[in-house]
file query_21.csv (CSV, C-alpha atoms and all ligand atoms)
chain,number,residue,atom,x,y,z
A,4,MET,CA,16.8,-41.5,52.8
A,5,THR,CA,13.5,-40.1,54.1
A,6,ILE,CA,11.1,-41.4,51.5
A,7,SER,CA,10.0,-45.1,51.8
A,8,VAL,CA,10.1,-47.2,48.7
A,9,THR,CA,8.1,-50.5,48.5
A,10,PRO,CA,8.9,-52.4,45.3
A,11,ASN,CA,6.5,-54.8,43.7
A,12,PRO,CA,7.6,-58.5,44.4
A,13,ASN,CA,9.5,-58.8,41.1
A,14,GLY,CA,11.0,-55.2,41.3
A,15,PHE,CA,9.0,-53.8,38.3
A,16,GLY,CA,7.0,-50.9,39.9
A,17,ALA,CA,7.3,-49.5,43.4
A,18,ALA,CA,5.1,-47.5,45.8
A,19,ILE,CA,6.7,-44.4,47.3
A,20,ARG,CA,5.4,-43.0,50.6
A,21,ASP,CA,6.6,-40.6,53.3
A,22,VAL,CA,6.9,-37.7,51.1
A,23,ASN,CA,4.5,-34.8,50.4
A,24,LEU,CA,4.5,-33.9,46.7
A,25,SER,CA,2.5,-30.7,47.2
A,26,ASN,CA,5.1,-28.9,49.2
A,27,GLY,CA,8.2,-28.6,47.1
A,28,LEU,CA,10.7,-31.4,47.2
A,29,THR,CA,14.2,-31.3,48.7
A,30,ALA,CA,17.3,-32.1,46.6
A,31,GLU,CA,17.5,-35.3,48.6
A,32,ASP,CA,13.9,-36.3,47.9
A,33,ILE,CA,14.4,-35.6,44.2
A,34,ALA,CA,17.6,-37.7,44.0
A,35,ASP,CA,15.9,-40.6,45.9
A,36,ILE,CA,12.8,-40.5,43.8
A,37,ARG,CA,14.9,-40.4,40.6
A,38,GLY,CA,16.9,-43.4,41.9
A,39,ALA,CA,13.7,-45.4,42.6
A,40,TRP,CA,12.3,-44.5,39.2
A,41,LEU,CA,15.4,-45.7,37.5
A,42,ASP,CA,15.5,-48.9,39.5
A,43,HIS,CA,11.8,-49.8,39.3
A,44,GLN,CA,10.7,-48.0,36.0
A,45,VAL,CA,7.2,-47.3,37.3
A,46,VAL,CA,6.8,-45.4,40.7
A,47,PHE,CA,3.5,-44.5,42.3
A,48,PHE,CA,2.7,-42.2,45.2
A,49,PRO,CA,-0.7,-42.9,46.9
A,50,ASP,CA,-2.7,-40.1,48.4
A,51,GLN,CA,-1.2,-37.0,46.9
A,52,PRO,CA,-3.8,-34.3,46.2
A,53,LEU,CA,-2.3,-31.8,43.8
A,54,GLU,CA,-3.5,-28.6,42.1
A,55,HIS,CA,-2.3,-27.9,38.5
A,56,ASP,CA,0.6,-25.7,39.6
A,57,GLN,CA,1.8,-28.4,42.0
A,58,LEU,CA,1.6,-31.1,39.3
A,59,GLU,CA,3.7,-28.8,37.1
A,60,ALA,CA,6.2,-28.1,39.9
A,61,PHE,CA,6.6,-31.8,40.6
A,62,THR,CA,7.3,-32.5,36.9
A,63,ASN,CA,9.8,-29.6,36.7
A,64,ALA,CA,11.7,-31.0,39.7
A,65,PHE,CA,12.9,-33.7,37.3
A,66,GLY,CA,13.4,-31.7,34.1
A,67,ASP,CA,11.7,-29.7,31.4
A,68,PHE,CA,8.3,-30.5,30.0
A,69,GLY,CA,8.1,-32.7,27.0
A,70,ASN,CA,6.3,-31.7,23.8
A,71,ASP,CA,2.7,-33.1,23.8
A,72,PRO,CA,1.0,-32.8,20.4
A,73,TYR,CA,-2.4,-33.9,19.1
A,74,VAL,CA,-4.4,-33.5,22.3
A,75,LYS,CA,-5.9,-30.3,23.5
A,76,ALA,CA,-4.3,-29.2,26.8
A,77,ILE,CA,-6.2,-27.9,29.9
A,78,ASP,CA,-7.1,-24.2,29.5
A,79,GLY,CA,-4.3,-22.1,30.9
A,80,TYR,CA,-2.0,-25.1,31.4
A,81,SER,CA,-0.4,-25.9,28.1
A,82,ASN,CA,1.6,-28.8,29.5
A,83,ILE,CA,-1.2,-30.6,31.3
A,84,LEU,CA,-3.5,-33.0,29.3
A,85,GLU,CA,-6.7,-34.3,30.8
A,86,VAL,CA,-7.2,-38.0,30.1
A,87,ARG,CA,-11.0,-38.3,30.5
A,88,ARG,CA,-13.7,-40.8,29.7
A,89,GLU,CA,-17.3,-40.2,30.5
A,90,PRO,CA,-19.8,-42.8,31.9
A,91,ASP,CA,-21.6,-43.1,28.5
A,92,GLU,CA,-18.6,-42.8,26.2
A,93,ALA,CA,-18.7,-45.5,23.5
A,94,VAL,CA,-15.2,-45.2,22.2
A,95,ALA,CA,-12.2,-47.2,23.5
A,96,PRO,CA,-10.2,-45.6,26.3
A,97,PHE,CA,-7.5,-43.1,25.3
A,98,GLY,CA,-4.2,-44.9,25.3
A,99,GLY,CA,-6.0,-48.2,25.2
A,100,SER,CA,-3.5,-50.0,22.9
A,101,TRP,CA,0.1,-50.8,23.8
A,102,HIS,CA,2.5,-47.9,23.3
A,103,SER,CA,5.4,-45.9,24.6
A,104,ASP,CA,4.5,-42.2,24.7
A,105,TRP,CA,5.2,-40.2,21.6
A,106,SER,CA,7.9,-42.7,20.4
A,107,PHE,CA,7.5,-41.1,16.9
A,108,GLN,CA,9.3,-38.0,18.1
A,109,GLU,CA,13.0,-37.5,17.5
A,110,THR,CA,13.4,-37.1,21.3
A,111,PRO,CA,10.5,-38.9,22.9
A,112,PRO,CA,9.6,-38.1,26.6
A,113,ALA,CA,11.7,-39.6,29.3
A,114,ALA,CA,8.8,-39.9,31.7
A,115,THR,CA,5.0,-39.6,31.7
A,116,ILE,CA,3.4,-38.4,34.9
A,117,LEU,CA,-0.3,-39.2,35.5
A,118,HIS,CA,-2.3,-37.9,38.5
A,119,ALA,CA,-5.6,-39.5,39.3
A,120,LYS,CA,-8.6,-37.2,39.8
A,121,ILE,CA,-11.6,-39.5,39.5
A,122,ILE,CA,-11.1,-43.3,39.5
A,123,PRO,CA,-13.9,-45.6,38.7
A,124,PRO,CA,-14.9,-48.3,41.4
A,125,VAL,CA,-14.2,-51.1,38.9
A,126,GLY,CA,-11.7,-51.5,35.9
A,127,GLY,CA,-9.6,-48.7,34.5
A,128,ASP,CA,-6.2,-50.2,35.4
A,129,THR,CA,-3.1,-49.3,33.4
A,130,LEU,CA,-1.0,-52.2,32.3
A,131,TYR,CA,2.8,-51.7,32.1
A,132,ALA,CA,5.3,-53.9,30.2
A,133,ASP,CA,8.9,-54.1,31.3
A,134,GLY,CA,11.1,-53.6,28.2
A,135,ILE,CA,14.3,-54.3,30.2
A,136,ALA,CA,13.1,-57.8,31.3
A,137,ALA,CA,11.9,-58.4,27.8
A,138,TYR,CA,15.4,-57.6,26.4
A,139,GLU,CA,17.1,-59.7,29.0
A,140,ASN,CA,14.9,-62.7,28.2
A,141,LEU,CA,15.6,-62.7,24.5
A,142,SER,CA,17.7,-65.5,23.1
A,143,GLU,CA,21.4,-64.7,22.5
A,144,SER,CA,20.8,-65.1,18.7
A,145,MET,CA,17.8,-62.8,18.7
A,146,ARG,CA,19.7,-60.1,20.7
A,147,GLY,CA,22.5,-60.4,18.1
A,148,GLU,CA,20.0,-60.1,15.2
A,149,LEU,CA,18.4,-57.0,16.7
A,150,GLU,CA,21.5,-55.2,17.9
A,151,ASN,CA,22.0,-52.9,14.8
A,152,LEU,CA,18.4,-52.8,13.5
A,153,GLN,CA,16.3,-49.7,13.5
A,154,ALA,CA,12.5,-49.4,13.4
A,155,VAL,CA,10.3,-46.8,11.8
A,156,HIS,CA,7.9,-45.0,14.1
A,157,SER,CA,5.0,-42.6,13.2
A,158,ALA,CA,2.0,-41.0,14.8
A,159,ARG,CA,-0.2,-41.7,11.7
A,160,ARG,CA,-2.3,-44.6,13.1
A,161,PRO,CA,-4.0,-42.6,15.9
A,162,TYR,CA,-3.3,-39.0,14.8
A,163,SER,CA,-3.5,-38.6,11.0
A,164,HIS,CA,-7.0,-37.5,9.9
A,165,GLU,CA,-7.7,-41.1,8.7
A,166,GLY,CA,-6.4,-42.8,11.8
A,167,TYR,CA,-8.5,-40.4,14.0
A,168,LYS,CA,-11.6,-41.2,12.1
A,169,ALA,CA,-11.0,-44.9,12.4
A,170,SER,CA,-10.5,-44.7,16.2
A,171,GLY,CA,-13.8,-42.9,17.1
A,172,GLY,CA,-13.3,-39.4,15.7
A,173,PRO,CA,-15.2,-36.7,17.5
A,174,ASP,CA,-17.2,-39.1,19.7
A,175,ARG,CA,-14.4,-38.9,22.3
A,176,SER,CA,-14.8,-36.4,25.2
A,177,MET,CA,-11.1,-35.5,24.9
A,178,THR,CA,-10.3,-33.1,22.1
A,179,ILE,CA,-7.9,-34.9,19.8
A,180,LEU,CA,-6.2,-32.6,17.2
A,181,PRO,CA,-5.4,-34.8,14.1
A,182,ASN,CA,-2.8,-33.3,11.8
A,183,ASP,CA,-1.1,-34.2,8.5
A,184,ASP,CA,2.3,-34.0,10.2
A,185,ALA,CA,1.4,-37.3,11.8
A,186,TRP,CA,2.5,-39.0,8.6
A,187,ALA,CA,6.1,-38.1,9.3
A,188,THR,CA,8.4,-41.0,10.3
A,189,GLN,CA,11.3,-41.3,12.7
A,190,LEU,CA,13.9,-44.0,12.9
A,191,HIS,CA,14.9,-45.4,16.4
A,192,PRO,CA,17.0,-48.4,17.4
A,193,ILE,CA,15.0,-51.6,18.3
A,194,ILE,CA,17.3,-52.2,21.3
A,195,ARG,CA,17.5,-49.0,23.3
A,196,THR,CA,20.3,-48.3,25.8
A,197,HIS,CA,19.0,-46.3,28.7
A,198,PRO,CA,20.8,-42.9,28.9
A,199,GLU,CA,21.0,-42.9,32.7
A,200,SER,CA,21.2,-46.5,33.8
A,201,GLY,CA,22.9,-48.0,30.8
A,202,ARG,CA,20.5,-50.9,30.8
A,203,LYS,CA,19.2,-52.2,27.5
A,204,ALA,CA,15.5,-52.5,26.6
A,205,LEU,CA,13.4,-53.9,23.8
A,206,TRP,CA,11.9,-50.7,22.4
A,207,VAL,CA,9.2,-51.2,19.8
A,208,ASN,CA,5.4,-50.8,20.4
A,209,PRO,CA,2.3,-51.8,18.4
A,210,VAL,CA,0.8,-48.3,18.1
A,211,TYR,CA,3.7,-46.2,16.8
A,212,THR,CA,6.2,-48.8,15.4
A,213,LEU,CA,5.3,-49.3,11.7
A,214,ASN,CA,8.0,-51.5,10.4
A,215,VAL,CA,11.7,-52.6,10.6
A,216,HIS,CA,13.9,-50.3,8.5
A,217,GLY,CA,15.4,-52.0,5.5
A,218,MET,CA,13.4,-55.3,5.7
A,219,SER,CA,10.7,-56.5,3.3
A,220,GLU,CA,7.1,-55.9,4.4
A,221,VAL,CA,6.6,-59.6,5.1
A,222,GLU,CA,9.9,-60.1,7.0
A,223,SER,CA,9.3,-56.9,9.0
A,224,ALA,CA,5.7,-57.9,10.0
A,225,ARG,CA,6.9,-61.4,11.0
A,226,LEU,CA,9.7,-60.0,13.2
A,227,LEU,CA,7.5,-57.2,14.8
A,228,ASP,CA,4.8,-59.7,15.6
A,229,GLU,CA,7.3,-61.9,17.3
A,230,LEU,CA,8.8,-59.0,19.3
A,231,PHE,CA,5.4,-57.6,20.4
A,232,LYS,CA,4.3,-61.1,21.5
A,233,HIS,CA,7.5,-61.5,23.5
A,234,ALA,CA,7.5,-58.0,25.0
A,235,LEU,CA,3.8,-58.3,26.1
A,236,SER,CA,4.1,-61.7,27.6
A,237,ASP,CA,2.3,-62.0,31.0
A,238,GLU,CA,5.6,-62.4,32.8
A,239,PHE,CA,6.7,-58.9,31.9
A,240,LEU,CA,3.4,-57.1,32.8
A,241,TYR,CA,2.2,-55.2,35.8
A,242,ALA,CA,-1.4,-54.2,36.3
A,243,HIS,CA,-1.5,-50.9,38.1
A,244,LYS,CA,-4.5,-50.2,40.3
A,245,TRP,CA,-5.4,-46.5,40.7
A,246,GLN,CA,-6.8,-44.6,43.6
A,247,ASN,CA,-8.0,-41.0,43.6
A,248,ASN,CA,-5.1,-38.6,44.1
A,249,MET,CA,-2.4,-41.2,43.3
A,250,LEU,CA,0.4,-39.9,41.1
A,251,THR,CA,2.3,-42.3,38.9
A,252,MET,CA,5.5,-41.7,37.0
A,253,TRP,CA,6.9,-44.2,34.5
A,254,ASP,CA,10.0,-44.4,32.3
A,255,ASN,CA,9.1,-44.3,28.6
A,256,ARG,CA,12.7,-45.2,27.7
A,257,SER,CA,12.0,-48.8,28.8
A,258,VAL,CA,8.3,-49.2,29.5
A,259,GLN,CA,5.2,-49.6,27.3
A,260,HIS,CA,1.7,-49.1,28.7
A,261,CYS,CA,-1.9,-49.7,27.9
A,262,ALA,CA,-5.1,-48.2,29.5
A,263,GLN,CA,-7.8,-50.7,30.3
A,264,GLY,CA,-11.5,-50.3,30.1
A,265,GLY,CA,-14.1,-52.3,32.2
A,266,TYR,CA,-15.7,-49.2,33.8
A,267,ASP,CA,-18.6,-48.3,31.5
A,268,GLY,CA,-21.1,-46.3,33.4
A,269,HIS,CA,-18.4,-44.6,35.4
A,270,ARG,CA,-16.2,-41.5,34.8
A,271,ARG,CA,-12.4,-41.7,34.8
A,272,VAL,CA,-10.2,-38.6,34.9
A,273,LEU,CA,-6.5,-38.2,35.2
A,274,HIS,CA,-4.1,-35.3,34.5
A,275,ARG,CA,-0.9,-35.9,32.5
A,276,THR,CA,2.4,-34.3,32.0
A,277,THR,CA,5.6,-35.5,30.3
A,278,LEU,CA,9.2,-34.9,30.9
A,279,ALA,CA,11.5,-34.1,28.0
A,280,GLY,CA,13.9,-37.0,26.9
A,281,ASP,CA,16.9,-37.8,24.7
A,282,GLN,CA,17.3,-39.2,21.2
A,283,PRO,CA,17.2,-43.0,21.7
A,284,VAL,CA,20.5,-44.7,21.1
B,1,LIG,C1,-2.0,-42.8,28.5
B,1,LIG,O1,-1.8,-43.6,27.6
B,1,LIG,O2,-1.4,-41.8,28.7
B,1,LIG,C2,-3.2,-43.0,29.4
B,1,LIG,C3,-3.0,-44.1,30.3
B,1,LIG,C4,-4.2,-44.3,31.2
B,1,LIG,O3,-5.2,-43.6,31.1
B,1,LIG,O4,-4.2,-45.3,32.0

call {"tool": "encode", "arguments": {"input": "query_21.csv", "output": "structure tokens", "more": "lines below"}}
Ligand code: SIN
result
Amino acid sequence: MTISVTPNPNGFGAAIRDVNLSNGLTAEDIADIRGAWLDHQVVFFPDQPLEHDQLEAFTNAFGDFGNDPYVKAIDGYSNILEVRREPDEAVAPFGGSWHSDWSFQETPPAATILHAKIIPPVGGDTLYADGIAAYENLSESMRGELENLQAVHSARRPYSHEGYKASGGPDRSMTILPNDDAWATQLHPIIRTHPESGRKALWVNPVYTLNVHGMSEVESARLLDELFKHALSDEFLYAHKWQNNMLTMWDNRSVQHCAQGGYDGHRRVLHRTTLAGDQPV
């Protein structure tokens, strides 16, 4: 192996060095990075200046682009979104509630890739939650209870016209494209089996998971509250610190994330792609 992988102490998240992402990757680099990503779920590469074409080429080394709705892409680059917040922006950070990217899709993205352009001197971390550890730390009886349950996911809270208005509307510097198709729903298993590693993860998130299929509203709310509380316990979280030119790739099939604020008065800009994924099973 030519790349060097330095895992976080508990194995959730790892830094990857000794590779240049701007140059085209060898088949060996791609296999090693994929292996580290599957093992550690969140991998980050410090000090990797990349142009748009190079960010796209990095993404396509691992597969096809995902389908990214509801946010206007960068001009001329329909697969790159700019996550931007201006120094005087009064609305909450984009992605500032816990979610797994586009979990309302039939085939949600396998990975999200975020490349840091301007990182504020304070705040602006991204928190990640390890859904595999969350699953493995459920009681036997809870695992049994959840095994065959499905949850209803939808984009309606942030991306229907009503949800959009409630979360700051046009005051955001990013161009959000609310749409009535955000009312659609999609069923997914609550316990998801990873298509590559075979590991199981607790796979519900507070933004897009509306309710448990087939349960009364009260029962469903009780169960989801309990699952969110468990999945987002401190012991499963990792606070990721950004630097300019850092690229981070995480596995949406087992990880939730949440952008943090704390940098009012400073600009924060990152460029984002996603990698196409499978239908959760
Ligand atoms: C996102 O949810 O894609 C944004 C994450 C971040 O800005 O930290």

call {"tool": "residues_near_point", "arguments": {"input": "query_21.csv", "point": "(0.8, -43.0, 34.3)", "cutoff": "8 Å", "atoms": "only C-alpha atoms", "output": "PyMOL selection string"}}
result
chain A and resi 115-118+129+250-253+275

call {"tool": "closest_atom_pairs", "arguments": {"input": "query_21.csv", "of": "region 160-243 of chain A", "to": "region 95-98 of chain A", "cutoff": "12 Å", "atoms": "only C-alpha atoms", "output": "tab-separated table"}}
result
residue	atom	partner	partner_atom	distance
A:Pro161	CA	A:Gly98	CA	9.7
A:Tyr167	CA	A:Phe97	CA	11.7
A:Ala169	CA	A:Ala95	CA	11.4
A:Ser170	CA	A:Ala95	CA	7.9
A:Gly171	CA	A:Ala95	CA	7.9
A:Gly172	CA	A:Ala95	CA	11.1
A:Asp174	CA	A:Ala95	CA	10.2
A:Arg175	CA	A:Phe97	CA	8.6
A:Ser176	CA	A:Phe97	CA	9.9
A:Met177	CA	A:Phe97	CA	8.4
A:Thr178	CA	A:Phe97	CA	10.9
A:Ile179	CA	A:Phe97	CA	9.9
A:Pro209	CA	A:Gly98	CA	11.7
A:Val210	CA	A:Gly98	CA	9.4
A:Tyr211	CA	A:Gly98	CA	11.7

call {"tool": "closest_residue", "arguments": {"input": "query_21.csv", "among": "A:Pro173, A:Ala279, A:Pro72, A:Gln57", "to": "Leu28 (chain A)", "atoms": "all atoms listed in the file"}}
result
A:Gln57

call {"tool": "residues_near_point", "arguments": {"input": "query_21.csv", "point": "(2.8, -32.3, 16.4)", "cutoff": "8 Å", "atoms": "all atoms listed in the file", "output": "ChimeraX atom specification"}}
result
/A:71-73,182,184-185

call {"tool": "residues_near_ligand", "arguments": {"input": "query_21.csv", "ligand": "ligand LIG 1 (chain B)", "cutoff": "9 Å", "atoms": "all atoms listed in the file", "output": "list in words"}}
result
Val86, Arg87, Pro96, Phe97, Gly98, Gly99, Ser100, Trp101, His102, Ser103, Asp104, Thr115, Ile116, Leu117, Gly127, Asp128, Thr129, Leu130, His243, Trp245, His260, Cys261, Ala262, Gln263, Arg271, Val272, Leu273 and Arg275 of chain A

call {"tool": "atom_distance", "arguments": {"input": "query_21.csv", "atom1": "CA of Ala60 (chain A)", "atom2": "CA of Gly27 (chain A)"}}
result
7.5 Å

call {"tool": "closest_residue", "arguments": {"input": "query_21.csv", "among": "A:Glu31, A:Asp133, A:Asp91, A:Asp50", "to": "Asp237 (chain A)", "atoms": "only C-alpha atoms"}}
result
A:Asp133

call {"tool": "residues_around", "arguments": {"input": "query_21.csv", "residues": "region 228-230 of chain A", "least_positions_apart": "4", "cutoff": "9 Å", "atoms": "only C-alpha atoms", "output": "count of residues only"}}
result
8

call {"tool": "closest_residue", "arguments": {"input": "query_21.csv", "among": "A:Glu238, A:Glu150, A:Glu109, A:Glu165", "to": "Ala136 (chain A)", "atoms": "only C-alpha atoms"}}
result
A:Glu238

call {"tool": "residues_around", "arguments": {"input": "query_21.csv", "residues": "Ala30 (chain A)", "least_positions_apart": "6", "cutoff": "12 Å", "atoms": "only C-alpha atoms", "output": "list in words"}}
result
Met4, Thr5, Ile36, Arg37, Ala64 and Phe65 of chain A

call {"tool": "decode", "arguments": {"input": "query_21.csv", "residues": "region 166-186 of chain A", "atoms": "N, CA, C and O atoms", "output": "CSV table (one decimal), in the first residue's frame"}}
result
chain,number,residue,atom,x,y,z
A,166,GLY,N,-41.8,23.7,3.8
A,166,GLY,CA,-40.6,23.4,4.7
A,166,GLY,C,-39.5,24.5,4.4
A,166,GLY,O,-38.8,25.0,5.3
A,167,TYR,N,-39.4,24.8,3.1
A,167,TYR,CA,-38.3,25.8,2.7
A,167,TYR,C,-38.6,27.1,3.4
A,167,TYR,O,-37.7,27.8,3.9
A,168,LYS,N,-39.9,27.6,3.4
A,168,LYS,CA,-40.2,28.8,4.0
A,168,LYS,C,-39.8,28.8,5.5
A,168,LYS,O,-39.3,29.7,6.0
A,169,ALA,N,-40.2,27.6,6.1
A,169,ALA,CA,-39.9,27.5,7.6
A,169,ALA,C,-38.5,27.5,7.9
A,169,ALA,O,-38.1,27.9,9.0
A,170,SER,N,-37.6,27.2,7.0
A,170,SER,CA,-36.2,27.1,7.3
A,170,SER,C,-35.3,28.2,6.7
A,170,SER,O,-34.2,28.1,6.4
A,171,GLY,N,-36.0,29.4,6.5
A,171,GLY,CA,-35.2,30.6,6.2
A,171,GLY,C,-35.5,31.1,4.8
A,171,GLY,O,-35.1,32.2,4.4
A,172,GLY,N,-36.1,30.3,3.9
A,172,GLY,CA,-36.5,30.7,2.6
A,172,GLY,C,-35.4,31.4,1.8
A,172,GLY,O,-34.2,30.9,1.8
A,173,PRO,N,-35.6,32.5,1.1
A,173,PRO,CA,-34.7,33.0,0.2
A,173,PRO,C,-33.5,33.8,0.9
A,173,PRO,O,-32.6,34.3,0.3
A,174,ASP,N,-33.5,33.8,2.3
A,174,ASP,CA,-32.4,34.5,3.0
A,174,ASP,C,-31.1,33.8,2.9
A,174,ASP,O,-30.0,34.3,3.3
A,175,ARG,N,-31.1,32.6,2.4
A,175,ARG,CA,-29.9,31.8,2.3
A,175,ARG,C,-29.0,32.2,1.1
A,175,ARG,O,-29.6,32.5,0.1
A,176,SER,N,-27.7,32.2,1.2
A,176,SER,CA,-26.9,32.5,0.0
A,176,SER,C,-26.9,31.4,-1.0
A,176,SER,O,-26.6,31.6,-2.2
A,177,MET,N,-27.1,30.2,-0.6
A,177,MET,CA,-27.2,29.1,-1.5
A,177,MET,C,-28.6,29.1,-2.2
A,177,MET,O,-29.6,29.5,-1.5
A,178,THR,N,-28.7,28.7,-3.4
A,178,THR,CA,-30.0,28.7,-4.1
A,178,THR,C,-30.7,27.4,-3.9
A,178,THR,O,-30.3,26.4,-4.5
A,179,ILE,N,-31.7,27.3,-3.0
A,179,ILE,CA,-32.5,26.1,-2.8
A,179,ILE,C,-33.6,26.1,-3.8
A,179,ILE,O,-34.2,27.2,-4.1
A,180,LEU,N,-34.0,24.9,-4.3
A,180,LEU,CA,-35.0,24.8,-5.3
A,180,LEU,C,-36.2,24.0,-4.8
A,180,LEU,O,-36.2,22.8,-5.1
A,181,PRO,N,-37.0,24.6,-4.0
A,181,PRO,CA,-38.1,23.8,-3.4
A,181,PRO,C,-39.0,23.3,-4.5
A,181,PRO,O,-39.2,23.9,-5.5
A,182,ASN,N,-39.7,22.1,-4.2
A,182,ASN,CA,-40.5,21.5,-5.3
A,182,ASN,C,-41.6,20.6,-4.6
A,182,ASN,O,-41.3,20.0,-3.6
A,183,ASP,N,-42.7,20.6,-5.3
A,183,ASP,CA,-43.8,19.8,-4.7
A,183,ASP,C,-43.5,18.3,-4.7
A,183,ASP,O,-44.1,17.5,-4.0
A,184,ASP,N,-42.5,17.8,-5.5
A,184,ASP,CA,-42.2,16.4,-5.5
A,184,ASP,C,-41.5,16.0,-4.2
A,184,ASP,O,-41.3,14.8,-3.9
A,185,ALA,N,-41.2,17.0,-3.4
A,185,ALA,CA,-40.6,16.7,-2.0
A,185,ALA,C,-41.6,16.0,-1.1
A,185,ALA,O,-41.2,15.4,-0.1
A,186,TRP,N,-42.9,16.1,-1.5
A,186,TRP,CA,-43.9,15.4,-0.7
A,186,TRP,C,-43.9,13.9,-0.9
A,186,TRP,O,-44.5,13.1,-0.1
